[in-house]
Structure formats: structure tokens, C-alpha cells
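Here the structure is laid out as C-alpha cells; the discussion comes afterwards.
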Amino acid sequence: MTRKEFLKKYTPRLLAALLLVSLIVYTVYHVVLGASAAGLMTVPTREVNDLRVASGNAYLFREERVLSVEGEGVVNELAPSGVKVSKNQTLARVYTGYKTLERELIQTELDRLNRAISILENSKVAAGTSLSKAEEYRAEAKEIFLSMRESIQDGRWQGLSGASDEMLELLNRYGRLTGRLEDADRILEELREDRDQLLTKDFVTVESSDSSGFFYDRACVDGYEAVYTPERLETLTPETLDELRGTAPTVDESLTTVGKLVYGYTWYLAVEPEGDTSELTVGEAYEIRFSRTDNRSLDMICERVAQGADGRLVAVFSSDDMPAWLSHDRVQPVEIVTGSSHGYYIPESALVTVDGVEGVYIFRDSTVYFRRIDVTYRGDGYCIAAPREGQGEDYLELYDLLITAGKNLYDGKVY
């Protein structure tokens, strides 16, 4: 075999073997010679706002009175649901004398007409409104539409009816200003005439005769108005809350329910929370988040905390604020922000004590350094340390590389 033939045959094999040996040498170098440095696990120090949250079902307690009339009738509401009404204000008329099937059909048609009338009445624009306002109406309607689509995708159905009505009102205003809805007033008048033709029987007028309050329509009546009362909160415990949960709603089939009045401005939530409740203090305000309304939040005062015989807790919160987005469901899930700490997030695995001083090891310029910390909160598997902010150079600093795992560490160890 000639030299040329030998090189042609064996050169690729020699190169492959040389490459393999090089990889072995490289690996051995980094595993054996650099084993100590490679054995360190680090994570950058980061600044966080750590929230402690407890969650549970919230039960609504208010001073409420159901409004009803004797017998079966068709309810025509004259006051919007959820608004404050004055004493002796007319809230609804109940038309009687219908047969059961006829009454149900008329009530369905009446509700449809009232909804359409309300939308058109709220779609009016003031005289002299600029045409440029039309684009604002259309943009607002688009935002509501996108929000509704997102809610449907997430399975959040509550509030979609009200949102769709608001979107239609904005689109109608857009149509009025652009001339695409020229017959809105005529349609409104026809709808009112149709409603008048439905309501030809004798009627009973329902008023807020006792005092002023907030009126809610019959769809908001759940039969627990006499169960979840503020008076029961004075002695509420987890056990008595269990009893209330087991109480059946009160429904009188011989009456026609019109709605209910809610008296006073203060309302309450009773929650049996799960999570970090160690910082709950009576008299303090806490952020309550309502998951059914896109996690919107409201600050509420902790009125009392009661512990049951089995160790369970029930906390009562109050508020005088009633935002329009608030859900008035008797039971709904909430989250309670029980506390917060701002500072550096320290994994428990990074904590060390040197000469009686608590701190951490950091890795910088191939060297291990000890850094002191001031722990402001200890959680499950972590703690929060106060930011450096003018403290000495021997304190932990933002973005320092925390050593979370390593062997035989000490201040000044070089790799």
C-alpha cells in the first residue's frame, strides 16, 4: 500500500479519534479540575412585593326586605335595579287577573319590551353633540365587545347581559350621529305602545313606604334575605355559618315577588378563609379581590374574627362602598390580601449563619463572599430581606448571585 493510499484510507479515522480524545480531555478538565465551581448553584437576587393571600367563599349579609303582593301578577318595574330610591317612591306595578300560562307569556314579552325600551332611552344623544363623538362611541363599543369575547372564552358569564346592553347603547348613539339610525324615536314610541297594550288589567302599586334604600329587581331575590342578616354576625362562628349554609331559601308561591329593598349603606362579607390568616387584625382594612368580576378589588374593614372548636376561622368584613361592578351574589369566591412585604426574595436553601449573623453567600469574580441580611418576613421555603438602601457593603445587594447550593463554602473562597 502506497503512502498516499494509506493516508486516504486512515486519515478520516485518525481525525475522528483525535476529536473524540479532545472531547474526553475537555470533559475531564471541566468535571474534575473545575468540579468545585461547577458544583455551585446560583440565582440572581431579585426585589419583590410579596403578598400573603387567603381565599374562600364569601357570604353576603345585608339588611334586606322582600317586596311582594298577594296573588299572581305581571310585574312592571318602574325603577332600575341597583339604584338608590327615596321614601314613598313608586318602584313597580303588579297587574293581576291573568291566567297562569297567559301571565307567564305576558311577563316574558313585557321583560323583552322593557329591555329594548331602556336601551333606546339610554341611546339618546344631546342636541349639538359633535360628529367626532361618534368615533368615541364606536371605539368604546369595540372595547366592550372584545372584553365580552374574552369573558366568554374564559367561562365568565356574569355581567354579559349588562355589557351587551351597554354596547348596543353605544352603537345606537353612533348610528344616531352618523344618520344610520334615523327612526330610533319612532321605534321607541312603537315599543311603548306595545307595552301599554299588554298592561290592561288592574294593578297594585308597590312603593318604598318604610324608608329610602337600594332597590333590586326580582331576579336578585334569592330567598335568603331573612337568613343572612347583620344581626347574625354578632355571634357568627364557623359552626353557626354551617347552620346558615344548610338553611333552605324561603319562597312563598302565593305571592308575586317584585324585588327587594336594601337598607343602609353598610354591607358585610363573612369568609371562612384558607391560607395565611396570621396577620388578620380587627379594625384593619384589607384588600378583597372578587374573582367573578375580573379580580377587581375593594378595601374592606375586618370587623371580627371568630375561631371554631375545630380550629376553623370565620372573618367578617364590612364596607360602605357599592361600586357598579360589584356582584351581589349571596355566595361568591374571594381572595383576601392579608399582608405584604417588600424586599429581596431569599430561598431558604441560601440562608446561612456565620458567627451568629444570619446572611447568605454570593458568588462574584470567581470568589465566595458572605453578605448579611435583615429578614422582615419568613414564608414557606423562603424569606424576604430588607433592601440594602444605604446599609454597609457587607449587606446583600440587588442582583448579587445568591449561592443556593455548594460544599465547604466560606467567605473569600476562590474558585
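Order determines the names: the first chain of the C-alpha cells is A, the second B, and so forth; residues in each chain are numbered 1 upward, and ligands are numbered 1 upward as they are shown.
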Could you pull the residues within 12 Å of Glu231 in chain A, counting only C-alpha atoms, minus those fewer than 2 positions along the same chain, as a list in words?
-> Phe61, Arg62, Glu63, Glu64, Ala226, Val227, Tyr228, Thr229, Leu233, Glu234, Thr235, Leu236, Trp267 and Tyr268 of chain A
Extract, using only C-alpha atoms, all DNA, RNA and protein residues at most 10 Å from Tyr263 in chain A, discarding same-chain residues fewer than 2 positions from it, and format them as number ranges by chain.
-> A: 62-65, 84, 210-215, 260-261, 265-267
Can those selected residues be exported to a file as a compact mmCIF listing (two decimals), in the first residue's frame so that it contains C-alpha atoms?
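Saved to out_5.txt:
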# COMPACT_ATOMS: atom_id res chain seq x y z
CA ARG A 62 -77.28 42.91 54.46
CA GLU A 63 -80.43 44.41 55.93
CA GLU A 64 -82.96 43.46 53.26
CA ARG A 65 -86.73 43.29 52.86
CA LYS A 84 -80.97 54.28 45.48
CA ASP A 210 -90.71 52.33 55.04
CA SER A 211 -87.70 54.43 54.16
CA SER A 212 -85.17 55.11 51.45
CA GLY A 213 -82.83 52.33 50.32
CA PHE A 214 -81.43 50.49 47.34
CA PHE A 215 -83.93 48.72 45.09
CA LYS A 260 -86.25 43.83 47.48
CA LEU A 261 -85.05 46.91 49.35
CA TYR A 265 -75.02 51.77 53.25
CA THR A 266 -73.04 49.14 55.17
CA TRP A 267 -72.87 45.57 53.91
Residues at most 7 Å from Val204 in chain A, counting only C-alpha atoms, excluding those fewer than 4 positions away in the same chain, as a VMD selection string?
-> chain A and resid 93 to 95
Neighbour list for Arg372 in chain A as a list in words, cut-off 9 Å, only C-alpha atoms, skip fewer than 4 positions in-chain =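 These residues fall inside the cut-off: Val357, Glu358, Gly359, Val360, Tyr361, Asp394, Tyr395 and Leu396 of chain A.
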Could those residues be written to a file, using C-alpha atoms, as a tab-separated table (two decimals), in the first residue's frame?
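Listed below is the output, again07.tsv:
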chain	number	residue	atom	x	y	z
A	357	VAL	CA	-25.05	36.51	62.00
A	358	GLU	CA	-27.74	35.46	59.52
A	359	GLY	CA	-26.94	36.01	55.88
A	360	VAL	CA	-26.16	34.41	52.53
A	361	TYR	CA	-23.18	33.53	50.37
A	394	ASP	CA	-21.33	43.71	53.80
A	395	TYR	CA	-25.11	43.58	53.18
A	396	LEU	CA	-26.79	41.81	50.27
DSSP says strand (DSSP E or B) for which residues of range 50-88 of chain A? Put them as a ChimeraX atom specification?
-> /A:50-70,73-77,83-85
Selection file, N, CA, C and O atoms, as an mmCIF file, in the first residue's frame:
data_model
loop_
_atom_site.group_PDB
_atom_site.id
_atom_site.type_symbol
_atom_site.label_atom_id
_atom_site.label_comp_id
_atom_site.auth_asym_id
_atom_site.auth_seq_id
_atom_site.Cartn_x
_atom_site.Cartn_y
_atom_site.Cartn_z
ATOM 1 N N ASP A 50 -44.049 40.843 48.042
ATOM 2 C CA ASP A 50 -44.623 39.549 48.398
ATOM 3 C C ASP A 50 -45.983 39.739 49.070
ATOM 4 O O ASP A 50 -46.088 40.410 50.099
ATOM 5 N N LEU A 51 -47.031 39.174 48.461
ATOM 6 C CA LEU A 51 -48.385 39.270 49.008
ATOM 7 C C LEU A 51 -48.764 37.962 49.683
ATOM 8 O O LEU A 51 -48.526 36.882 49.140
ATOM 9 N N ARG A 52 -49.373 38.065 50.864
ATOM 10 C CA ARG A 52 -49.944 36.898 51.527
ATOM 11 C C ARG A 52 -51.442 36.915 51.295
ATOM 12 O O ARG A 52 -52.115 37.923 51.572
ATOM 13 N N VAL A 53 -51.938 35.805 50.769
ATOM 14 C CA VAL A 53 -53.338 35.754 50.335
ATOM 15 C C VAL A 53 -54.041 34.572 50.979
ATOM 16 O O VAL A 53 -53.504 33.462 51.033
ATOM 17 N N ALA A 54 -55.246 34.826 51.465
ATOM 18 C CA ALA A 54 -56.144 33.764 51.934
ATOM 19 C C ALA A 54 -57.382 33.790 51.041
ATOM 20 O O ALA A 54 -57.798 34.851 50.579
ATOM 21 N N SER A 55 -57.968 32.640 50.796
ATOM 22 C CA SER A 55 -59.110 32.575 49.892
ATOM 23 C C SER A 55 -60.232 31.754 50.506
ATOM 24 O O SER A 55 -60.020 30.964 51.423
ATOM 25 N N GLY A 56 -61.436 31.963 49.983
ATOM 26 C CA GLY A 56 -62.592 31.215 50.455
ATOM 27 C C GLY A 56 -63.868 31.780 49.875
ATOM 28 O O GLY A 56 -63.849 32.793 49.158
ATOM 29 N N ASN A 57 -64.977 31.139 50.161
ATOM 30 C CA ASN A 57 -66.277 31.637 49.723
ATOM 31 C C ASN A 57 -66.764 32.719 50.681
ATOM 32 O O ASN A 57 -66.692 32.561 51.897
ATOM 33 N N ALA A 58 -67.250 33.808 50.108
ATOM 34 C CA ALA A 58 -67.763 34.927 50.899
ATOM 35 C C ALA A 58 -69.283 34.910 50.871
ATOM 36 O O ALA A 58 -69.894 34.740 49.806
ATOM 37 N N TYR A 59 -69.893 35.108 52.040
ATOM 38 C CA TYR A 59 -71.354 35.119 52.176
ATOM 39 C C TYR A 59 -71.804 36.546 52.471
ATOM 40 O O TYR A 59 -71.301 37.192 53.387
ATOM 41 N N LEU A 60 -72.760 37.009 51.674
ATOM 42 C CA LEU A 60 -73.211 38.396 51.751
ATOM 43 C C LEU A 60 -74.290 38.560 52.811
ATOM 44 O O LEU A 60 -75.312 37.867 52.784
ATOM 45 N N PHE A 61 -74.071 39.514 53.728
ATOM 46 C CA PHE A 61 -75.028 39.841 54.781
ATOM 47 C C PHE A 61 -75.436 41.303 54.620
ATOM 48 O O PHE A 61 -74.586 42.195 54.579
ATOM 49 N N ARG A 62 -76.765 41.541 54.553
ATOM 50 C CA ARG A 62 -77.281 42.906 54.458
ATOM 51 C C ARG A 62 -78.643 42.983 55.134
ATOM 52 O O ARG A 62 -79.308 41.965 55.348
ATOM 53 N N GLU A 63 -79.068 44.201 55.440
ATOM 54 C CA GLU A 63 -80.427 44.406 55.928
ATOM 55 C C GLU A 63 -81.343 44.552 54.717
ATOM 56 O O GLU A 63 -81.318 45.562 54.015
ATOM 57 N N GLU A 64 -82.158 43.521 54.476
ATOM 58 C CA GLU A 64 -82.962 43.459 53.259
ATOM 59 C C GLU A 64 -84.417 43.139 53.584
ATOM 60 O O GLU A 64 -84.705 42.442 54.563
ATOM 61 N N ARG A 65 -85.305 43.628 52.732
ATOM 62 C CA ARG A 65 -86.729 43.295 52.861
ATOM 63 C C ARG A 65 -87.295 42.985 51.485
ATOM 64 O O ARG A 65 -87.150 43.784 50.554
ATOM 65 N N VAL A 66 -87.924 41.818 51.368
ATOM 66 C CA VAL A 66 -88.514 41.416 50.100
ATOM 67 C C VAL A 66 -89.827 42.159 49.886
ATOM 68 O O VAL A 66 -90.647 42.298 50.795
ATOM 69 N N LEU A 67 -90.018 42.642 48.664
ATOM 70 C CA LEU A 67 -91.251 43.333 48.284
ATOM 71 C C LEU A 67 -92.113 42.372 47.472
ATOM 72 O O LEU A 67 -91.643 41.792 46.481
ATOM 73 N N SER A 68 -93.360 42.196 47.883
ATOM 74 C CA SER A 68 -94.250 41.266 47.184
ATOM 75 C C SER A 68 -95.697 41.693 47.374
ATOM 76 O O SER A 68 -96.014 42.518 48.232
ATOM 77 N N VAL A 69 -96.582 41.104 46.557
ATOM 78 C CA VAL A 69 -98.017 41.358 46.662
ATOM 79 C C VAL A 69 -98.745 40.024 46.642
ATOM 80 O O VAL A 69 -98.229 39.008 46.150
ATOM 81 N N GLU A 70 -99.953 40.018 47.160
ATOM 82 C CA GLU A 70 -100.752 38.797 47.197
ATOM 83 C C GLU A 70 -101.168 38.373 45.790
ATOM 84 O O GLU A 70 -101.473 39.205 44.933
ATOM 85 N N GLY A 73 -99.284 37.815 39.519
ATOM 86 C CA GLY A 73 -99.420 39.005 38.693
ATOM 87 C C GLY A 73 -98.221 39.205 37.780
ATOM 88 O O GLY A 73 -97.212 38.500 37.867
ATOM 89 N N VAL A 74 -98.338 40.184 36.898
ATOM 90 C CA VAL A 74 -97.275 40.580 35.975
ATOM 91 C C VAL A 74 -96.601 41.813 36.550
ATOM 92 O O VAL A 74 -97.270 42.797 36.871
ATOM 93 N N VAL A 75 -95.270 41.786 36.687
ATOM 94 C CA VAL A 75 -94.523 42.867 37.323
ATOM 95 C C VAL A 75 -93.938 43.798 36.271
ATOM 96 O O VAL A 75 -93.180 43.364 35.396
ATOM 97 N N ASN A 76 -94.306 45.061 36.368
ATOM 98 C CA ASN A 76 -93.710 46.091 35.514
ATOM 99 C C ASN A 76 -92.892 47.016 36.406
ATOM 100 O O ASN A 76 -93.434 47.815 37.176
ATOM 101 N N GLU A 77 -91.575 46.869 36.334
ATOM 102 C CA GLU A 77 -90.690 47.660 37.191
ATOM 103 C C GLU A 77 -90.596 49.090 36.677
ATOM 104 O O GLU A 77 -90.426 49.330 35.482
ATOM 105 N N VAL A 83 -80.431 50.905 42.037
ATOM 106 C CA VAL A 83 -80.348 52.349 42.293
ATOM 107 C C VAL A 83 -80.896 52.677 43.670
ATOM 108 O O VAL A 83 -81.696 51.937 44.248
ATOM 109 N N LYS A 84 -80.455 53.814 44.195
ATOM 110 C CA LYS A 84 -80.973 54.280 45.480
ATOM 111 C C LYS A 84 -82.325 54.958 45.238
ATOM 112 O O LYS A 84 -82.464 55.780 44.334
ATOM 113 N N VAL A 85 -83.319 54.622 46.050
ATOM 114 C CA VAL A 85 -84.662 55.188 45.899
ATOM 115 C C VAL A 85 -85.032 55.894 47.201
ATOM 116 O O VAL A 85 -84.569 55.532 48.286
#
Could you give me, as a count of residues only, the residues within 6 Å of Val314 in chain A, counting only C-alpha atoms and dropping anything in the same chain fewer than 5 positions from it?
-> 5
A:Arg364, A:His328, A:Asp194, A:Asp276 ranked by distance to Arg378 in chain A, top pick (using only C-alpha atoms) | A:Asp276
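Shell of range 132-145 of chain A at 12 Å, with only C-alpha atoms counted and residues fewer than 5 places along the chain excluded, is A:Ser123, A:Val125, A:Ala126, A:Glu150, A:Ser151, A:Ile152, A:Gly159, A:Leu160, A:Ser161, A:Gly162, A:Ala163, A:Ser164, A:Asp165, A:Glu166, A:Met167, A:Leu168, A:Glu169, A:Leu170, A:Leu171, A:Asn172, A:Arg173, A:Tyr174, A:Gly175, A:Arg176, A:Leu177, A:Thr178, A:Gly179, A:Arg180.
Our summary of the geometry notes that CA of Glu189 in chain A is positioned 25.7 Å from CA of Val258 in chain A.
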Nearby residues (only C-alpha atoms) at most 12 Å from Glu389 in chain A, same-chain spacing under 3 positions excluded, as a compact mmCIF listing (two decimals) with C-alpha atoms, in the first residue's frame:
# COMPACT_ATOMS: atom_id res chain seq x y z
CA GLY A 343 -37.64 43.38 49.72
CA TYR A 344 -35.26 40.73 48.41
CA ILE A 373 -29.43 40.27 55.59
CA ASP A 374 -32.28 41.66 57.70
CA ALA A 385 -34.96 40.55 53.36
CA ALA A 386 -34.94 44.33 53.65
CA GLY A 392 -22.88 48.71 54.55
CA GLU A 393 -21.16 46.88 51.73
CA TYR A 395 -25.11 43.58 53.18
CA LEU A 396 -26.79 41.81 50.27
CA GLU A 397 -27.33 43.93 47.18
CA LEU A 398 -29.83 43.71 44.34
Using only C-alpha atoms, pick whichever of A:Tyr98, A:Tyr377, A:Tyr216, A:Trp157 has the shortest atom-to-atom distance to Phe203 in chain A.
->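 Of A:Tyr98, A:Tyr377, A:Tyr216, A:Trp157, the one nearest Phe203 in chain A, counting only C-alpha atoms, is A:Tyr98.
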Interatomic distance between CA of Leu78 in chain A and CA of Leu191 in chain A?
-> 15.7 Å
Distance table requested - range 168-253 of chain A against range 100-117 of chain A, cut-off 12 Å, only C-alpha atoms: one row per qualifying residue with the closest atom pair and its distance in Å to one decimal, ordered by chain and rising residue number, as a tab-separated table.
residue	atom	partner	partner_atom	distance
A:Leu168	CA	A:Ala116	CA	10.0
A:Glu169	CA	A:Ala116	CA	10.1
A:Asn172	CA	A:Ala116	CA	11.8
A:Ala184	CA	A:Ile117	CA	10.5
A:Asp185	CA	A:Ile117	CA	10.4
A:Arg186	CA	A:Ile117	CA	11.5
A:Ile187	CA	A:Ile117	CA	9.0
A:Leu188	CA	A:Ile117	CA	6.2
A:Glu189	CA	A:Ile117	CA	8.8
A:Glu190	CA	A:Ile117	CA	9.6
A:Leu191	CA	A:Leu113	CA	6.5
A:Arg192	CA	A:Ile117	CA	7.2
A:Glu193	CA	A:Leu113	CA	10.1
A:Asp194	CA	A:Leu113	CA	7.9
A:Arg195	CA	A:Leu110	CA	6.6
A:Asp196	CA	A:Leu110	CA	9.7
A:Gln197	CA	A:Leu110	CA	10.4
A:Leu198	CA	A:Ile106	CA	7.0
A:Leu199	CA	A:Ile106	CA	8.7
A:Thr200	CA	A:Ile106	CA	11.2
A:Lys201	CA	A:Arg103	CA	11.1
A:Asp217	CA	A:Asp111	CA	11.7
A:Arg218	CA	A:Asp111	CA	11.7
A:Ala219	CA	A:Asp111	CA	11.6
May I have the residues from that selection written out with N, CA and C atoms, as a PDB file, in the first residue's frame?
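Contents of result-v1.pdb, freshly written:
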ATOM      1  N   LEU A 168     -74.816  47.951  22.890  1.00  0.00           N
ATOM      2  CA  LEU A 168     -75.881  48.355  21.965  1.00  0.00           C
ATOM      3  C   LEU A 168     -76.201  49.833  22.094  1.00  0.00           C
ATOM      4  N   GLU A 169     -76.209  50.350  23.309  1.00  0.00           N
ATOM      5  CA  GLU A 169     -76.474  51.778  23.511  1.00  0.00           C
ATOM      6  C   GLU A 169     -75.423  52.642  22.817  1.00  0.00           C
ATOM      7  N   ASN A 172     -75.946  52.453  19.092  1.00  0.00           N
ATOM      8  CA  ASN A 172     -77.105  53.252  18.700  1.00  0.00           C
ATOM      9  C   ASN A 172     -76.767  54.745  18.676  1.00  0.00           C
ATOM     10  N   ALA A 184     -85.005  55.869  15.245  1.00  0.00           N
ATOM     11  CA  ALA A 184     -84.922  55.363  16.617  1.00  0.00           C
ATOM     12  C   ALA A 184     -86.071  55.867  17.477  1.00  0.00           C
ATOM     13  N   ASP A 185     -86.440  57.144  17.321  1.00  0.00           N
ATOM     14  CA  ASP A 185     -87.524  57.711  18.137  1.00  0.00           C
ATOM     15  C   ASP A 185     -88.861  57.056  17.786  1.00  0.00           C
ATOM     16  N   ARG A 186     -89.081  56.779  16.520  1.00  0.00           N
ATOM     17  CA  ARG A 186     -90.328  56.132  16.100  1.00  0.00           C
ATOM     18  C   ARG A 186     -90.409  54.715  16.664  1.00  0.00           C
ATOM     19  N   ILE A 187     -89.272  53.976  16.615  1.00  0.00           N
ATOM     20  CA  ILE A 187     -89.244  52.613  17.159  1.00  0.00           C
ATOM     21  C   ILE A 187     -89.511  52.633  18.651  1.00  0.00           C
ATOM     22  N   LEU A 188     -88.953  53.623  19.332  1.00  0.00           N
ATOM     23  CA  LEU A 188     -89.146  53.736  20.779  1.00  0.00           C
ATOM     24  C   LEU A 188     -90.617  53.965  21.106  1.00  0.00           C
ATOM     25  N   GLU A 189     -91.268  54.810  20.359  1.00  0.00           N
ATOM     26  CA  GLU A 189     -92.680  55.102  20.605  1.00  0.00           C
ATOM     27  C   GLU A 189     -93.545  53.870  20.336  1.00  0.00           C
ATOM     28  N   GLU A 190     -93.213  53.109  19.304  1.00  0.00           N
ATOM     29  CA  GLU A 190     -93.966  51.889  18.998  1.00  0.00           C
ATOM     30  C   GLU A 190     -93.818  50.855  20.110  1.00  0.00           C
ATOM     31  N   LEU A 191     -92.622  50.732  20.654  1.00  0.00           N
ATOM     32  CA  LEU A 191     -92.390  49.788  21.747  1.00  0.00           C
ATOM     33  C   LEU A 191     -93.196  50.175  22.985  1.00  0.00           C
ATOM     34  N   ARG A 192     -93.270  51.454  23.267  1.00  0.00           N
ATOM     35  CA  ARG A 192     -94.063  51.914  24.412  1.00  0.00           C
ATOM     36  C   ARG A 192     -95.545  51.626  24.204  1.00  0.00           C
ATOM     37  N   GLU A 193     -96.014  51.787  22.985  1.00  0.00           N
ATOM     38  CA  GLU A 193     -97.416  51.477  22.689  1.00  0.00           C
ATOM     39  C   GLU A 193     -97.684  49.987  22.852  1.00  0.00           C
ATOM     40  N   ASP A 194     -96.741  49.156  22.397  1.00  0.00           N
ATOM     41  CA  ASP A 194     -96.899  47.705  22.566  1.00  0.00           C
ATOM     42  C   ASP A 194     -96.978  47.339  24.040  1.00  0.00           C
ATOM     43  N   ARG A 195     -96.183  47.993  24.849  1.00  0.00           N
ATOM     44  CA  ARG A 195     -96.203  47.708  26.289  1.00  0.00           C
ATOM     45  C   ARG A 195     -97.540  48.109  26.900  1.00  0.00           C
ATOM     46  N   ASP A 196     -98.061  49.253  26.503  1.00  0.00           N
ATOM     47  CA  ASP A 196     -99.349  49.709  27.043  1.00  0.00           C
ATOM     48  C   ASP A 196    -100.478  48.749  26.686  1.00  0.00           C
ATOM     49  N   GLN A 197    -100.404  48.159  25.499  1.00  0.00           N
ATOM     50  CA  GLN A 197    -101.443  47.222  25.075  1.00  0.00           C
ATOM     51  C   GLN A 197    -101.396  45.917  25.865  1.00  0.00           C
ATOM     52  N   LEU A 198    -100.220  45.576  26.387  1.00  0.00           N
ATOM     53  CA  LEU A 198    -100.097  44.373  27.214  1.00  0.00           C
ATOM     54  C   LEU A 198    -100.720  44.566  28.590  1.00  0.00           C
ATOM     55  N   LEU A 199    -100.570  45.763  29.138  1.00  0.00           N
ATOM     56  CA  LEU A 199    -100.935  46.022  30.528  1.00  0.00           C
ATOM     57  C   LEU A 199    -102.298  46.689  30.607  1.00  0.00           C
ATOM     58  N   THR A 200    -103.335  45.891  30.519  1.00  0.00           N
ATOM     59  CA  THR A 200    -104.703  46.426  30.515  1.00  0.00           C
ATOM     60  C   THR A 200    -105.492  46.015  31.747  1.00  0.00           C
ATOM     61  N   LYS A 201    -104.928  45.214  32.609  1.00  0.00           N
ATOM     62  CA  LYS A 201    -105.627  44.728  33.797  1.00  0.00           C
ATOM     63  C   LYS A 201    -105.465  45.717  34.956  1.00  0.00           C
ATOM     64  N   ASP A 217     -84.281  44.311  41.595  1.00  0.00           N
ATOM     65  CA  ASP A 217     -85.436  43.664  40.975  1.00  0.00           C
ATOM     66  C   ASP A 217     -85.581  42.209  41.437  1.00  0.00           C
ATOM     67  N   ARG A 218     -86.639  41.553  40.958  1.00  0.00           N
ATOM     68  CA  ARG A 218     -86.996  40.221  41.442  1.00  0.00           C
ATOM     69  C   ARG A 218     -85.940  39.178  41.118  1.00  0.00           C
ATOM     70  N   ALA A 219     -85.121  39.412  40.084  1.00  0.00           N
ATOM     71  CA  ALA A 219     -84.069  38.448  39.745  1.00  0.00           C
ATOM     72  C   ALA A 219     -82.999  38.375  40.832  1.00  0.00           C
TER      73      ALA A 219
END
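Among the candidates A:Gly246, A:Gly155, A:Pro347, A:Gly381, the residue lying nearest to Ile403 in chain A is A:Pro347 (atoms considered: only C-alpha atoms).
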Length of the CA of Pro323 in chain A to CA of Arg304 in chain A vector [Å] =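 Going from CA of Pro323 in chain A over to CA of Arg304 in chain A, I get 23.4 Å.
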List every residue of range 131-318 of chain A that DSSP, applied to the backbone of this structure, assigns to alpha helix (DSSP H), and report them as a PyMOL selection string.
-> chain A and resi 133-153+160-178+184-198+238-245
